[in-house]
$ cat final_33.txt   # compact mmCIF, C-alpha atoms and all ligand atoms
# COMPACT_ATOMS: atom_id res chain seq x y z
CA MET I 1 -23.11 5.15 -17.57
CA PRO I 2 -22.85 8.88 -16.85
CA SER I 3 -25.03 11.19 -18.98
CA MET I 4 -23.54 13.91 -21.21
CA HIS I 5 -24.35 16.46 -18.53
CA GLN I 6 -22.70 14.36 -15.82
CA THR I 7 -19.66 13.86 -18.04
CA ALA I 8 -19.35 17.61 -18.65
CA SER I 9 -19.69 18.34 -14.91
CA LEU I 10 -17.14 15.68 -14.19
CA LEU I 11 -14.63 17.13 -16.63
CA LEU I 12 -15.14 20.56 -15.11
CA ALA I 13 -14.66 19.16 -11.63
CA ILE I 14 -11.50 17.33 -12.73
CA ALA I 15 -10.17 20.54 -14.26
CA SER I 16 -10.84 22.41 -10.99
CA VAL I 17 -9.14 19.75 -8.90
CA CYS I 18 -6.16 19.78 -11.24
CA LEU I 19 -5.85 23.54 -11.29
CA ALA I 20 -6.10 23.70 -7.51
CA GLN I 21 -3.38 21.10 -7.27
CA ARG I 22 -1.12 22.87 -9.76
CA SER I 23 -1.53 26.26 -8.19
CA SER I 24 0.19 25.03 -5.04
CA ASN I 25 3.19 24.76 -7.38
CA ILE I 26 5.36 22.72 -5.07
CA SER I 27 5.07 19.03 -4.35
CA ILE I 28 4.68 17.57 -0.90
CA CYS I 29 8.16 16.04 -1.20
CA ASP I 30 9.82 19.32 -2.14
CA LYS I 31 7.87 21.30 0.46
CA TYR I 32 8.88 19.12 3.39
CA THR I 33 12.44 18.51 2.21
CA THR I 34 12.93 22.25 2.36
CA ALA I 35 11.19 22.48 5.73
CA LEU I 36 13.32 19.74 7.29
CA PHE I 37 16.66 19.99 5.53
CA HIS I 38 16.62 23.54 4.08
CA GLN I 39 18.36 22.58 0.82
CA ASN I 40 15.92 21.02 -1.65
CA THR I 41 18.47 18.68 -3.26
CA GLY I 42 17.91 15.17 -4.61
CA ALA I 43 20.04 13.77 -1.80
CA ASN I 44 17.92 15.54 0.80
CA GLN I 45 14.68 14.42 -0.85
CA TYR I 46 15.96 10.85 -0.73
CA LYS I 47 16.85 11.36 2.93
CA LEU I 48 13.29 12.50 3.62
CA LEU I 49 11.91 9.41 1.88
CA THR I 50 14.33 7.18 3.80
CA TYR I 51 13.20 8.59 7.13
CA LEU I 52 9.56 8.47 6.12
CA VAL I 53 9.52 4.90 4.78
CA ASN I 54 11.69 3.59 7.63
CA THR I 55 9.20 5.07 10.08
CA VAL I 56 6.27 3.58 8.17
CA VAL I 57 7.92 0.16 8.37
CA ILE I 58 9.29 -0.09 11.92
CA GLY I 59 7.34 2.71 13.59
CA GLY I 60 8.64 5.90 15.16
CA TYR I 61 12.27 5.67 16.13
CA ASN I 62 14.57 8.14 17.75
CA ASN I 63 15.03 10.59 14.95
CA SER I 64 16.27 14.08 15.51
CA HIS I 65 14.35 15.27 12.48
CA ALA I 66 10.93 14.19 13.70
CA ALA I 67 9.18 17.56 13.84
CA ALA I 68 6.32 16.15 15.90
CA PRO I 69 7.87 13.33 17.96
CA THR I 70 4.74 13.10 20.08
CA VAL I 71 2.89 11.50 17.16
CA LYS I 72 2.95 7.77 17.89
CA VAL I 73 3.64 5.59 14.85
CA PRO I 74 3.35 1.83 15.50
CA GLY I 75 4.54 0.96 11.94
CA ILE I 76 3.27 -1.64 9.51
CA LEU I 77 5.11 -4.52 11.16
CA ALA I 78 3.26 -4.03 14.45
CA PRO I 79 -0.15 -5.63 14.93
CA GLY I 80 -2.86 -3.00 14.65
CA GLU I 81 -6.46 -2.26 13.88
CA PHE I 82 -8.27 -0.47 11.10
CA ASN I 83 -11.93 0.52 11.35
CA GLY I 84 -12.44 -1.92 14.20
CA THR I 85 -10.80 -4.85 12.42
CA LYS I 86 -7.54 -6.38 13.64
CA VAL I 87 -4.67 -6.37 11.16
CA ASN I 88 -1.29 -8.08 11.24
CA LEU I 89 0.99 -7.48 8.26
CA LEU I 90 4.23 -8.91 9.69
CA PRO I 91 3.75 -12.44 8.25
CA TYR I 92 3.80 -10.99 4.72
CA PHE I 93 7.28 -9.66 5.40
CA ASP I 94 9.01 -12.36 7.45
CA GLY I 95 8.26 -15.43 5.35
CA GLY I 96 5.23 -16.57 7.32
CA LEU I 97 2.99 -16.63 4.25
CA ASN I 98 3.29 -17.77 0.65
CA SER I 99 2.37 -14.27 -0.46
CA THR I 100 5.20 -13.03 -2.66
CA ASN I 101 5.01 -13.08 -6.45
CA ARG I 102 8.20 -14.45 -7.89
CA GLY I 103 6.76 -15.06 -11.31
CA GLY I 104 5.25 -18.51 -10.85
CA GLY I 105 1.57 -19.38 -10.69
CA ALA I 106 1.43 -19.18 -6.89
CA GLY I 107 2.80 -17.12 -4.05
CA VAL I 108 6.03 -18.02 -2.29
CA ALA I 109 7.42 -17.12 1.14
CA VAL I 110 10.23 -14.56 1.30
CA ASN I 111 11.89 -13.10 4.37
CA PHE I 112 12.16 -9.36 3.74
CA LEU I 113 13.82 -8.79 7.13
CA ASP I 114 17.03 -10.57 6.12
CA GLY I 115 19.22 -7.46 6.10
CA GLY I 116 19.42 -6.99 9.85
CA GLY I 117 15.74 -6.22 10.50
CA ALA I 118 14.99 -3.09 12.52
CA LYS I 119 18.54 -2.33 13.68
CA PRO I 120 19.94 -0.81 10.45
CA VAL I 121 16.55 0.77 9.74
CA MET I 122 16.82 2.63 13.05
CA ALA I 123 20.18 3.89 11.84
CA ASN I 124 18.41 5.46 8.82
CA LYS I 125 19.62 2.72 6.46
CA PRO I 126 17.61 0.23 4.38
CA ALA I 127 19.60 -2.80 5.59
CA ASN I 128 23.05 -4.03 6.60
CA SER I 129 23.78 -5.64 3.26
CA ASP I 130 23.02 -4.39 -0.25
CA GLY I 131 22.22 -7.83 -1.61
CA SER I 132 19.43 -8.59 0.87
CA ALA I 133 15.72 -8.73 0.07
CA GLN I 134 15.28 -6.11 2.80
CA SER I 135 17.61 -3.67 1.04
CA LYS I 136 15.89 -4.19 -2.30
CA LEU I 137 12.41 -3.71 -0.86
CA LEU I 138 13.22 -0.62 1.18
CA THR I 139 15.22 1.16 -1.52
CA HIS I 140 12.40 0.44 -3.98
CA LEU I 141 9.93 1.90 -1.52
CA TYR I 142 12.05 5.05 -1.05
CA SER I 143 12.15 5.66 -4.79
CA TYR I 144 8.52 4.70 -5.45
CA PHE I 145 7.09 6.85 -2.68
CA GLY I 146 9.34 9.62 -3.95
CA ILE I 147 7.44 9.47 -7.23
CA LEU I 148 4.12 9.35 -5.39
CA LEU I 149 5.01 12.42 -3.36
CA GLY I 150 6.19 14.31 -6.42
CA CYS I 151 9.91 14.60 -5.61
CA SER I 152 11.28 16.96 -8.26
CA GLN I 153 14.72 15.34 -8.18
CA SER I 154 13.48 11.76 -8.44
CA GLY I 155 15.95 9.87 -10.63
CA LYS I 156 18.71 12.48 -10.44
CA ASP I 157 21.02 14.36 -8.07
CA GLY I 158 21.46 11.60 -5.50
CA PHE I 159 17.87 10.32 -5.76
CA PRO I 160 17.93 6.85 -7.40
CA ALA I 161 15.22 6.20 -10.00
CA TYR I 162 12.67 3.49 -9.19
CA ASP I 163 13.71 0.23 -10.81
CA GLY I 164 11.24 -2.18 -9.22
CA GLU I 165 8.25 -3.93 -10.75
CA LYS I 166 5.99 -1.82 -12.92
CA SER I 167 2.61 -3.14 -11.84
CA GLN I 168 1.80 -2.97 -8.14
CA TYR I 169 -1.03 -5.40 -8.80
CA ASP I 170 1.53 -7.98 -9.96
CA VAL I 171 3.73 -7.34 -6.92
CA HIS I 172 0.84 -7.77 -4.46
CA LYS I 173 -1.38 -10.24 -6.33
CA TYR I 174 -0.75 -13.23 -4.06
CA MET I 175 -1.22 -11.27 -0.83
CA GLY I 176 -5.03 -11.29 -1.02
CA LEU I 177 -5.13 -7.80 0.46
CA ASP I 178 -8.34 -6.29 1.80
CA ALA I 179 -9.50 -2.77 2.65
CA TYR I 180 -8.44 -3.14 6.29
CA ARG I 181 -4.85 -4.14 5.66
CA ILE I 182 -4.43 -1.47 3.02
CA GLY I 183 -6.20 1.06 5.23
CA TYR I 184 -3.81 0.22 8.06
CA PHE I 185 -0.78 0.52 5.78
CA ILE I 186 -1.94 3.92 4.52
CA SER I 187 -2.75 5.07 8.07
CA GLN I 188 0.88 4.35 9.00
CA VAL I 189 2.09 6.41 6.03
CA GLY I 190 -0.10 9.24 7.34
CA LEU I 191 1.12 8.93 10.92
CA ALA I 192 4.76 8.77 9.83
CA ALA I 193 4.25 11.87 7.69
CA SER I 194 2.57 13.66 10.60
CA SER I 195 5.51 12.81 12.84
CA PHE I 196 7.76 14.73 10.42
CA GLY I 197 5.50 17.76 10.56
CA VAL I 198 3.41 17.16 7.43
CA SER I 199 0.14 19.09 7.76
CA THR I 200 -3.19 17.36 8.27
CA GLU I 201 -4.33 18.65 4.89
CA ASP I 202 -1.27 17.26 3.08
CA VAL I 203 -1.58 13.93 4.91
CA ALA I 204 -5.21 13.70 3.80
CA SER I 205 -4.33 14.38 0.16
CA VAL I 206 -1.64 11.68 0.21
CA ALA I 207 -4.05 9.20 1.82
CA ASP I 208 -6.73 10.00 -0.77
CA ALA I 209 -4.24 9.52 -3.58
CA LEU I 210 -2.98 6.19 -2.19
CA ASN I 211 -6.51 4.91 -1.56
CA GLY I 212 -7.64 5.98 -5.02
CA ALA I 213 -4.71 4.41 -6.85
CA PHE I 214 -4.09 1.23 -4.85
CA GLY I 215 -6.89 0.72 -2.31
CA VAL I 216 -9.54 0.01 -4.92
CA LYS I 217 -10.47 -3.00 -6.94
CA CYS I 218 -9.94 -3.27 -10.69
CA ALA I 219 -8.81 0.28 -11.53
CA PRO I 220 -7.92 0.85 -15.18
CA ALA I 221 -4.19 0.70 -15.98
CA THR I 222 -2.49 3.87 -14.70
CA ALA I 223 0.99 5.33 -15.20
CA ILE I 224 2.34 6.11 -11.74
CA ASP I 225 5.99 6.15 -12.77
CA PRO I 226 5.74 8.07 -16.04
CA GLY I 227 8.71 6.08 -17.42
CA GLN I 228 6.87 2.79 -16.93
CA GLY I 229 3.64 3.59 -18.79
CA PRO I 230 0.11 2.52 -17.77
CA GLN I 231 0.04 -0.58 -15.55
CA LEU I 232 -2.51 -2.38 -13.39
CA GLN I 233 -2.05 -0.83 -9.95
CA SER I 234 -5.02 -1.94 -7.79
CA ILE I 235 -3.75 -4.09 -4.92
CA CYS I 236 -7.06 -4.46 -3.11
CA VAL I 237 -8.73 -7.71 -4.16
CA ALA I 238 -11.06 -8.77 -1.34
CA ASP I 239 -14.81 -8.24 -0.98
CA SER I 240 -14.20 -5.30 1.35
CA CYS I 241 -12.43 -3.31 -1.38
CA PRO I 242 -14.29 -0.42 -3.00
CA GLN I 243 -14.69 -0.81 -6.74
CA ALA I 244 -12.64 1.68 -8.77
CA PRO I 245 -14.62 4.20 -10.81
CA MET I 246 -14.81 2.89 -14.37
CA GLY I 247 -13.03 -0.20 -13.12
CA ASP I 248 -12.70 -3.30 -15.25
CA CYS I 249 -11.88 -6.55 -13.48
CA ALA I 250 -11.23 -8.58 -16.63
CA PRO I 251 -7.51 -7.69 -16.95
CA TYR I 252 -7.01 -8.57 -13.29
CA GLY I 253 -8.27 -12.13 -13.60
CA THR I 254 -9.44 -14.19 -10.64
CA SER I 255 -8.10 -13.32 -7.20
CA ALA I 256 -5.92 -16.00 -5.61
CA GLY I 257 -7.58 -15.21 -2.26
CA GLU I 258 -5.82 -15.36 1.09
CA PRO I 259 -2.23 -16.63 0.92
CA LEU I 260 -1.35 -20.06 2.23
CA VAL I 261 0.55 -20.40 5.48
CA ALA I 262 4.23 -21.17 4.90
CA ASN I 263 5.32 -21.26 8.54
CA ALA I 264 2.59 -21.57 11.16
CA THR I 265 4.70 -19.99 13.89
CA LEU I 266 5.52 -16.93 11.82
CA ALA I 267 2.04 -16.68 10.27
CA LEU I 268 0.56 -15.70 13.67
CA GLY I 269 -2.86 -16.91 12.58
CA GLU I 270 -2.86 -15.00 9.27
CA GLY I 271 -3.35 -16.75 5.94
CA ARG I 272 -4.94 -20.12 5.47
CA ASN I 273 -3.87 -23.70 5.58
CA GLY I 274 -4.87 -26.04 2.82
CA THR I 275 -3.91 -27.89 -0.26
CA ALA I 276 -3.97 -26.44 -3.75
CA SER I 277 -7.31 -28.11 -4.40
CA SER I 278 -8.84 -26.38 -1.43
CA GLU I 279 -7.84 -22.89 -2.49
CA ALA I 280 -10.88 -21.87 -4.48
CA SER I 281 -13.42 -23.07 -1.97
CA ALA I 282 -11.47 -21.79 0.99
CA SER I 283 -11.27 -18.34 -0.50
CA THR I 284 -14.96 -18.33 -1.35
CA ALA I 285 -15.66 -19.51 2.15
CA GLY I 286 -14.46 -16.13 3.21
CA LYS I 287 -11.24 -16.04 5.14
CA ASN I 288 -10.43 -12.80 3.42
CA GLY I 289 -13.83 -12.12 2.07
CA GLY I 290 -14.78 -12.83 5.67
CA VAL I 291 -15.62 -9.15 5.96
CA THR I 292 -19.10 -10.33 5.11
CA GLY I 293 -19.20 -12.86 7.88
CA PRO I 294 -17.56 -13.99 11.06
CA LYS I 295 -14.05 -15.31 11.15
CA PRO I 296 -13.87 -19.01 10.42
CA THR I 297 -12.42 -21.12 13.16
CA GLY I 298 -11.99 -24.83 13.47
CA THR I 299 -12.28 -26.95 10.38
CA GLY I 300 -12.48 -25.65 6.85
CA THR I 301 -15.74 -25.19 5.08
CA GLY I 302 -17.03 -26.48 1.76
CA THR I 303 -14.75 -28.82 -0.05
CA GLY I 304 -11.59 -27.25 1.28
CA THR I 305 -9.26 -29.17 3.49
CA GLY I 306 -7.80 -26.10 5.16
CA THR I 307 -8.21 -25.74 8.85
CA GLY I 308 -9.08 -22.07 8.67
CA THR I 309 -7.14 -21.03 11.69
CA GLY I 310 -6.38 -17.58 10.37
CA THR I 311 -7.81 -14.17 10.82
CA GLY I 312 -10.85 -13.79 8.64
CA LYS I 313 -12.21 -10.34 9.25
CA SER I 314 -15.51 -9.56 10.88
CA LYS I 315 -17.36 -6.65 9.46
CA SER I 316 -17.43 -3.66 11.71
CA SER I 317 -20.03 -0.94 11.54
CA SER I 318 -17.36 1.73 11.26
CA SER I 319 -16.11 0.12 8.08
CA ALA I 320 -18.76 2.12 6.30
CA THR I 321 -16.17 4.82 5.70
CA VAL I 322 -14.21 2.33 3.64
CA LEU I 323 -17.14 0.88 1.82
CA ASP I 324 -19.64 3.63 1.29
CA ALA I 325 -17.83 6.43 -0.55
CA ASN I 326 -19.90 7.29 -3.58
CA MET I 327 -18.69 6.79 -7.09
CA TRP I 328 -18.36 10.46 -8.04
CA SER I 329 -16.16 11.29 -5.09
CA ARG I 330 -13.94 8.40 -6.14
CA VAL I 331 -13.78 9.76 -9.66
CA LEU I 332 -12.67 13.12 -8.27
CA VAL I 333 -10.11 11.44 -6.05
CA GLY I 334 -8.90 9.60 -9.14
CA ALA I 335 -8.53 12.92 -10.92
CA ALA I 336 -6.63 14.34 -7.97
CA ILE I 337 -4.29 11.36 -8.06
CA LEU I 338 -3.52 11.94 -11.69
CA CYS I 339 -2.75 15.55 -10.85
CA ILE I 340 -0.58 14.72 -7.88
CA PHE I 341 1.29 12.01 -9.72
CA SER I 342 1.71 13.77 -13.04
CA TRP I 343 2.15 17.43 -12.28
CA CYS I 344 3.54 17.90 -8.86
CA SER I 345 7.08 16.97 -9.64
C1 LIG W 1 -0.63 2.13 -0.64
C2 LIG W 1 -0.34 0.92 -0.67
C3 LIG W 1 0.96 0.28 -1.11
C4 LIG W 1 1.91 0.71 -2.00
C5 LIG W 1 1.95 1.99 -2.81
C6 LIG W 1 2.93 -0.32 -2.04
C7 LIG W 1 4.07 -0.26 -2.83
C8 LIG W 1 5.02 -1.23 -2.90
C9 LIG W 1 6.22 -1.17 -3.70
C10 LIG W 1 6.64 -0.02 -4.58
C11 LIG W 1 6.90 -2.32 -3.51
C12 LIG W 1 8.26 -2.71 -4.14
C13 LIG W 1 8.04 -3.48 -5.41
C14 LIG W 1 9.33 -3.98 -6.04
O1 LIG W 1 10.33 -4.16 -5.33
O2 LIG W 1 9.35 -4.22 -7.25
C15 LIG W 1 6.14 -3.12 -2.60
C16 LIG W 1 6.48 -4.37 -2.17
C17 LIG W 1 5.84 -5.05 -1.18
N1 LIG W 1 4.67 -4.69 -0.53
FE1 LIG W 1 3.58 -3.05 -0.90
N2 LIG W 1 2.57 -1.33 -1.20
C18 LIG W 1 1.39 -1.00 -0.61
C19 LIG W 1 0.68 -1.73 0.32
C20 LIG W 1 1.09 -2.91 0.84
C21 LIG W 1 0.38 -3.65 1.85
C22 LIG W 1 -0.96 -3.26 2.49
C23 LIG W 1 1.10 -4.75 2.13
C24 LIG W 1 0.66 -5.79 3.12
C25 LIG W 1 1.19 -6.88 3.38
C26 LIG W 1 2.29 -4.71 1.28
C27 LIG W 1 3.30 -5.67 1.25
C28 LIG W 1 4.38 -5.64 0.40
C29 LIG W 1 5.39 -6.70 0.34
C30 LIG W 1 5.45 -7.95 1.19
C31 LIG W 1 6.30 -6.32 -0.65
C32 LIG W 1 7.53 -7.11 -1.18
C33 LIG W 1 7.08 -7.86 -2.41
C34 LIG W 1 8.15 -8.37 -3.34
O3 LIG W 1 9.30 -7.89 -3.33
O4 LIG W 1 7.83 -9.26 -4.15
N3 LIG W 1 2.23 -3.60 0.52
N4 LIG W 1 5.01 -2.44 -2.22
$ encode --input "final_33.txt" --output "structure tokens" --more "lines below"
Ligand code: HEM
Amino acid sequence: MPSMHQTASLLLAIASVCLAQRSSNISICDKYTTALFHQNTGANQYKLLTYLVNTVVIGGYNNSHAAAPTVKVPGILAPGEFNGTKVNLLPYFDGGLNSTNRGGGAGVAVNFLDGGGAKPVMANKPANSDGSAQSKLLTHLYSYFGILLGCSQSGKDGFPAYDGEKSQYDVHKYMGLDAYRIGYFISQVGLAASSFGVSTEDVASVADALNGAFGVKCAPATAIDPGQGPQLQSICVADSCPQAPMGDCAPYGTSAGEPLVANATLALGEGRNGTASSEASASTAGKNGGVTGPKPTGTGTGTGTGTGTGTGKSKSSSSATVLDANMWSRVLVGAAILCIFSWCS
């Protein structure tokens, strides 16, 4: 527990962070909408978010508005690496894994590339058809990241309000995400932003805010969309995830661990095979928590019947940057997030 003195210093530090944030007086969304499209309208802010999210998803595509086209963005669907650990997020999006929460007690497989995949996305659209899972996901991401980046016209003037799930923990709870996958995702947000001319300093503040809100374990309920009230938002559940300052894991319950393979061809070695009865032991055996040990290959361990053919992560020495941030810096980052999310719009 912090002492009285520490608490007072902390409050002072939070106040300083908040004032510094407020004094900039214009959100990242508004700043770069003006820079790219001149008119800071809701429609133009939504256009910025469309370009940004599309680039995060499929990687850099031929876009006349890319201010720094030399920045290479592989995108979250491409296999990549974070802090020396290989990452492959595609099977979460193409139905390879039982990783989507549709309200039952276990994850299910959903193909989120059912609206034409990359082709419409490269044409600056979410999908070919409005009714597709792809359209729903991408339009939700445009609106949600608009809130995160402080778009002043979010919810009005051609910028649709976010109407997706309130709790990002609930959305991602069956994905068994770790610090590497989330780190890779956030690195793609940063690269995409850089490719549109966002400054290194602004990219770093966005990455800090995303890491602080979502890339931690067991953060207290937070209101990201002010209209939705405080919700559980931590999506990082594996052993590699840094604990949130003042975190409380009780409301989060027990992690479901790595998702089960739904389609071995599409899973590309991600996820785990096994029966329901093998889940607990397989997850303890460390496919995902495998950051503390080598990747399991061959037959499953313990009482599990899974074959463990997936991609358990091996710890890399450079992962220290993910794991070793001290608690007070996280508290300050948390304060900065509150400022960015609450006051920059
Ligand atoms: C900073 C981190 C992240 C944020 C802020 C974020 C945010 C979101 C949002 C707003 C949605 C839409 C929810 C809805 O439609 O109700 C979503 C869905 C989704 N996200 Fe993330 N996400 C993050 C990281 C990740 C990562 C690392 C993965 C890796 C696989 C991922 C996979 C997905 C998938 C598959 C969906 C569709 C789920 C569904 O519709 O049920 N996300 N995310």
$ atom_distance --input "final_33.txt" --atom1 "atom CA of I:Ala204" --atom2 "atom CA of I:Thr100"
29.4 Å
$ closest_residue --input "final_33.txt" --among "I:Gln45, I:Gln228, I:Ser143, I:Asn273" --to "ligand LIG 1 (chain W)" --atoms "only C-alpha atoms and all ligand atoms"
I:Ser143
$ residues_near_ligand --input "final_33.txt" --ligand "ligand LIG 1 (chain W)" --cutoff "6 Å" --atoms "all atoms listed in the file" --output "list in words"
Leu89, Tyr92, Phe93, Thr100, Asn101, Leu137, His140, Leu141, Tyr144, Gly164, Glu165, Val171, Arg181, Ile182, Phe185, Ile186, Leu210 and Phe214 of chain I
$ closest_residue --input "final_33.txt" --among "I:Gly274, I:Pro242, I:Gly60, I:Gly227" --to "I:Met122" --atoms "only C-alpha atoms"
I:Gly60
$ residues_around --input "final_33.txt" --residues "I:Arg102" --least-positions-apart "4" --cutoff "12 Å" --atoms "only C-alpha atoms" --output "VMD selection string"
chain I and resid 98 106 to 110 165 170 to 174
$ atom_distance --input "final_33.txt" --atom1 "atom CA of I:Pro259" --atom2 "atom CA of I:Gly271"
5.1 Å
$ atom_distance --input "final_33.txt" --atom1 "atom CA of I:Gly253" --atom2 "atom CA of I:Asp163"
25.4 Å
$ residues_near_point --input "final_33.txt" --point "(14.1, 6.0, -7.4)" --cutoff "10 Å" --atoms "all atoms listed in the file" --output "PyMOL selection string"
chain I and resi 46+139-147+151+153-156+158-164+225
$ closest_residue --input "final_33.txt" --among "I:Asn111, I:Ser132, I:Gln231, I:Asn83" --to "I:Ser187" --atoms "all atoms listed in the file"
I:Asn83
$ closest_residue --input "final_33.txt" --among "I:Gly212, I:Gly197, I:Gly105, I:Gly269" --to "I:Ala68" --atoms "only C-alpha atoms"
I:Gly197
$ closest_residue --input "final_33.txt" --among "I:Leu148, I:Ala192, I:Ala127, I:Leu90" --to "I:Val53" --atoms "all atoms listed in the file"
I:Ala192
$ residues_near_point --input "final_33.txt" --point "(-1.2, 7.0, 13.7)" --cutoff "6 Å" --atoms "all atoms listed in the file" --output "PDB file with C-alpha atoms, in the frame of the given file"
ATOM      1  CA  LYS I  72       2.950   7.770  17.890  1.00  0.00           C
ATOM      2  CA  VAL I  73       3.640   5.590  14.850  1.00  0.00           C
ATOM      3  CA  GLN I 188       0.880   4.350   9.000  1.00  0.00           C
ATOM      4  CA  LEU I 191       1.120   8.930  10.920  1.00  0.00           C
TER       5      LEU I 191
END
$ residues_around --input "final_33.txt" --residues "I:Glu201" --least-positions-apart "6" --cutoff "12 Å" --atoms "only C-alpha atoms" --output "VMD selection string"
chain I and resid 28 190 193 to 194 207 to 208
$ residues_around --input "final_33.txt" --residues "I:Tyr61" --least-positions-apart "6" --cutoff "12 Å" --atoms "only C-alpha atoms" --output "number ranges by chain"
I: 51-55, 69-75, 118-124, 192, 195-196
$ closest_residue --input "final_33.txt" --among "I:Ser240, I:Thr265, I:Ser152, I:Thr254" --to "I:Thr34" --atoms "all atoms listed in the file"
I:Ser152
$ residues_around --input "final_33.txt" --residues "I:Pro220" --least-positions-apart "2" --cutoff "7 Å" --atoms "only C-alpha atoms" --output "PyMOL selection string"
chain I and resi 218+222+232+247-248
